[in-house]
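Participant: Below: one structure in structure tokens.
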Amino acid sequence: MAIPILKNIENISSIPTLPTVIERLTRLLQNPKTSAEEVGKAITTDQALASKVLKLVNSAFYGFPGRISTITHAIVILGFSTVKNIVLTASIFDAFRGKGKDRIGFDLEGFWLHSIACGAASLSIAKQIGNTEKEECFIAGLIHDLGKLIMCRYLPKEFNLALKDCSDKERLLYESELELFSETHQEVGGFLTERWNLPVNLQNAVKYHHNPLPTHEYYLTTAIVHCADILVRAMDFGNGGDAKVPAVSEHVWKSLGLDSIDIAVLLESIQQEVERASVFIQLT
Amino acid sequence: MKKILVENIEDGMVLAREVCGSGGNVLLIQGTKLSTALGHRLQNWGIPSVFVEGEEVQIEEENTVSVSPEELKSQLMKKFSRVINKPHMSKIFSAVHNYRLQKNNK
């Protein structure tokens with residue numbers, strides 16, 4: 001019988017939460033009359049978060065190294081939605097801080113590198129195919145495997161079973177989860193993104209990155225993450241818990257128009273983007 | 001200044017030269033204090049060796065670091081073993097293979 005997963009996760013009261021500032025920001029940004037000062041004030045009520053946001057804003061990743069000294073200035077230069085995305089990213093890292101090997105031997109450092117690389121690769125693919133939601137794609141790639149982190153932290157015994165199984169049978173962790181558990185890291189991550197009230201495009205990328213379907217809402221974001229995950233595994237960036245590359249879905253390949261894209265050029269741009277994203281490693 | 005393999009990085013060593021990724025971006029600046037954890041991280045990033053402050057003892061052979069083309073191919077084939085016959089996967093395989101060979105030769 002399959003080991004119950006989500007039922008157990010739902011009962012855990014210490015599941016990480018996102019800071020309330022995220023909700024406040026979402027509300028502020030819905031109002032067209034909101035000023036940069038108001039948003040800046042909302043962010044700076046959380047000083048630790050504000051300093052992380054400034055660190056990210058001033059990194060090569062956002063292209064203004066060392067020139068932005070206040071949140072308000074960042075908003076003026078980068079815009080509301082970019083700053084909101086930066087706050088969200090910093091908050092996600094905050095919710096899951098912790099380095100090194102976990103007690104069951106899950107390589108967290110490798111996990112974060114895989115996640116950051118997947119975000120960077122998603123951003124790269126979005127750029128290549130002219131998708132305008134690059135920043136969302138970065139976050140979607142960054143959080144696509146959050147379910148693994150939740151399982152590793154709250155159901156270590158069960159998660160370890162799946163880790164061992166996929167290594168013994170030389171298959172994907174996802175395949176082991178499908179066989180052993182009632183739910184996989186996709187549903188567990190999906191549960192978290194719902195609880196966090198993240199936008200539906202991010203929720204769906206987490207829920208369906210292994211099996212994207214064109215009928216899903218915001219299919220393109222999920223398709224991009226699906227493809228990014230495969231490429232960064234092949235390129236050997238980090239480690240998501242298994243040593244295999246999944247097959248690319250036929251309709252993802254078609255929808256993203258990958259036949260007309262030079263994969264070598266794409267790989268080079270992914271390499272560049274991953275290096276620019278190295279600032280995020282310092283947040284873990 | 002001496003050149004050492006990243007797996008030989010010890011806590012407290014100081015970078016004598018900046019570390020760049022193969023794309024040319026600076027990953028760590030000169031003067032960064034190193035640790036074994038950071039060494040592990042650099043390994044993850046595919047950096048084979050770094051320059052640290054201190055007397056040059058001996059130059060470590062760099063070719064012990066880079067993987068042979070045969071080994072690289074077999075590692076990659078193992079990753080792709082169950083999907084190589086699926087649509088488009090051989091195209092991805094050869095693109096990644098070429099990319100990693102080039103990176104290896106740098």
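We name chains A, B, ... following the order of the structure tokens; residues begin at 1 in each chain, and ligands are numbered from 1 as shown.
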Report as a PyMOL selection string the set of chain A residues whose atoms approach chain B to within 8 Å, with distances computed over only C-alpha atoms.

Facilitator: chain A and resi 109-110+113+231+234-235+237-238+243-248+250+263-264+267-268+271-272+275-276+278

Participant: The selected residues should be written to file as an mmCIF file, in the first residue's frame (atoms: C-alpha atoms).

Facilitator:
data_model
loop_
_atom_site.group_PDB
_atom_site.id
_atom_site.type_symbol
_atom_site.label_atom_id
_atom_site.label_comp_id
_atom_site.auth_asym_id
_atom_site.auth_seq_id
_atom_site.Cartn_x
_atom_site.Cartn_y
_atom_site.Cartn_z
ATOM 1 C CA GLU A 109 23.708 22.464 -1.183
ATOM 2 C CA GLY A 110 23.268 20.399 -4.347
ATOM 3 C CA LEU A 113 22.161 24.753 -6.820
ATOM 4 C CA LEU A 231 18.688 20.708 -19.296
ATOM 5 C CA ALA A 234 22.081 17.108 -18.131
ATOM 6 C CA MET A 235 24.493 20.011 -17.621
ATOM 7 C CA PHE A 237 24.227 21.768 -12.114
ATOM 8 C CA GLY A 238 23.613 20.600 -8.567
ATOM 9 C CA ALA A 243 21.085 10.984 -11.065
ATOM 10 C CA LYS A 244 18.834 10.656 -14.095
ATOM 11 C CA VAL A 245 17.537 12.929 -16.826
ATOM 12 C CA PRO A 246 13.786 12.767 -17.535
ATOM 13 C CA ALA A 247 12.495 12.656 -21.114
ATOM 14 C CA VAL A 248 11.230 15.898 -22.602
ATOM 15 C CA GLU A 250 6.735 15.980 -27.070
ATOM 16 C CA ILE A 263 20.348 24.108 -28.358
ATOM 17 C CA ALA A 264 24.085 24.888 -28.170
ATOM 18 C CA LEU A 267 23.099 25.923 -23.225
ATOM 19 C CA GLU A 268 25.649 28.738 -23.392
ATOM 20 C CA GLN A 271 25.582 28.754 -18.269
ATOM 21 C CA GLN A 272 25.827 32.557 -18.221
ATOM 22 C CA GLU A 275 26.611 32.163 -13.016
ATOM 23 C CA ARG A 276 24.824 35.486 -12.730
ATOM 24 C CA SER A 278 25.223 32.722 -8.052
#

Participant: Which polymer residues have any atom within 9 Å of an atom of Glu37 in chain A, counting only C-alpha atoms, with same-chain residues fewer than 6 positions away left out, as number ranges by chain?

Facilitator: A: 71-72, 75

Participant: List as an NGL selection string the protein and nucleic acid residues near Ala36 in chain A, meaning an atom at most 12 Å away when only C-alpha atoms are counted, but skip any in the same chain fewer than 6 places from it.

Facilitator: :A and (25 or 28-29 or 42-43 or 70-81 or 83-84)

Participant: For the selection just defined, write its residues with C-alpha atoms to a file, as a JSON list (two decimals), in the first residue's frame.

Facilitator:
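The file below, out-v5.json, is the result:
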[["chain", "number", "residue", "atom", "x", "y", "z"],
["A", 25, "LEU", "CA", 2.62, 44.13, -1.21],
["A", 28, "LEU", "CA", -0.63, 47.64, -2.52],
["A", 29, "LEU", "CA", 0.31, 46.74, -6.09],
["A", 42, "ALA", "CA", 6.00, 48.28, 3.57],
["A", 43, "ILE", "CA", 9.18, 46.39, 2.71],
["A", 70, "THR", "CA", 17.34, 52.35, -0.79],
["A", 71, "ILE", "CA", 14.28, 50.24, -1.48],
["A", 72, "THR", "CA", 12.44, 53.26, -2.89],
["A", 73, "HIS", "CA", 15.30, 53.84, -5.32],
["A", 74, "ALA", "CA", 15.12, 50.17, -6.31],
["A", 75, "ILE", "CA", 11.41, 50.51, -7.05],
["A", 76, "VAL", "CA", 11.95, 53.58, -9.20],
["A", 77, "ILE", "CA", 14.65, 51.84, -11.23],
["A", 78, "LEU", "CA", 13.38, 48.28, -11.40],
["A", 79, "GLY", "CA", 9.64, 48.78, -11.13],
["A", 80, "PHE", "CA", 7.03, 47.52, -8.68],
["A", 81, "SER", "CA", 6.61, 44.02, -10.00],
["A", 83, "VAL", "CA", 10.84, 44.41, -6.64],
["A", 84, "LYS", "CA", 7.86, 42.35, -5.52]]

Participant: From the list B:Ser49, B:Gln30, B:Thr36, B:Ser90, which residue is nearest Lys2 in chain B when using only C-alpha atoms?

Facilitator: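 Between B:Ser49, B:Gln30, B:Thr36, B:Ser90, the residue approaching Lys2 in chain B most closely is B:Ser49.
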
Participant: Tell me, as a ChimeraX atom specification, which residues lie within 9 Å of Ile224 in chain A, counting only C-alpha atoms; anything in the same chain fewer than 5 positions away does not count.

Facilitator: /A:121-123,125-126,137,141,205,209,219,229,252,256

Participant: Set the distance at 10 Å and use only C-alpha atoms: which residues neighbour Leu49 in chain A once local chain neighbours fewer than 3 positions away are removed? I'd like the list as a VMD selection string.

Facilitator: chain A and resid 19 21 43 to 46 52 to 55 87 to 88 90 to 91 94

Participant: Going by DSSP on the backbone, which bits of range 51-145 of chain A are helix (DSSP H, G or I)? Write them as a ChimeraX atom specification, please.

Facilitator: /A:51-57,71-78,80-95,108-128,134-143

Participant: Enter the distance from CA of Pro65 in chain A to CA of Leu283 in chain A, in Å, rounded to one decimal.

Facilitator: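 Computing it gives 16.7 Å between the two atoms.
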
Participant: Quick one: distance from CA of Glu194 in chain A to CA of Tyr154 in chain A in Å, one decimal?

Facilitator: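 Separation between CA of Glu194 in chain A and CA of Tyr154 in chain A: 17.9 Å.
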
Participant: When distances are computed from only C-alpha atoms, which of A:Lys254, A:Val188, A:Asp236, A:Asn58 shows the smallest separation from Pro214 in chain A?

Facilitator: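 Going through A:Lys254, A:Val188, A:Asp236, A:Asn58 one by one, the smallest distance to Pro214 in chain A is for A:Lys254.
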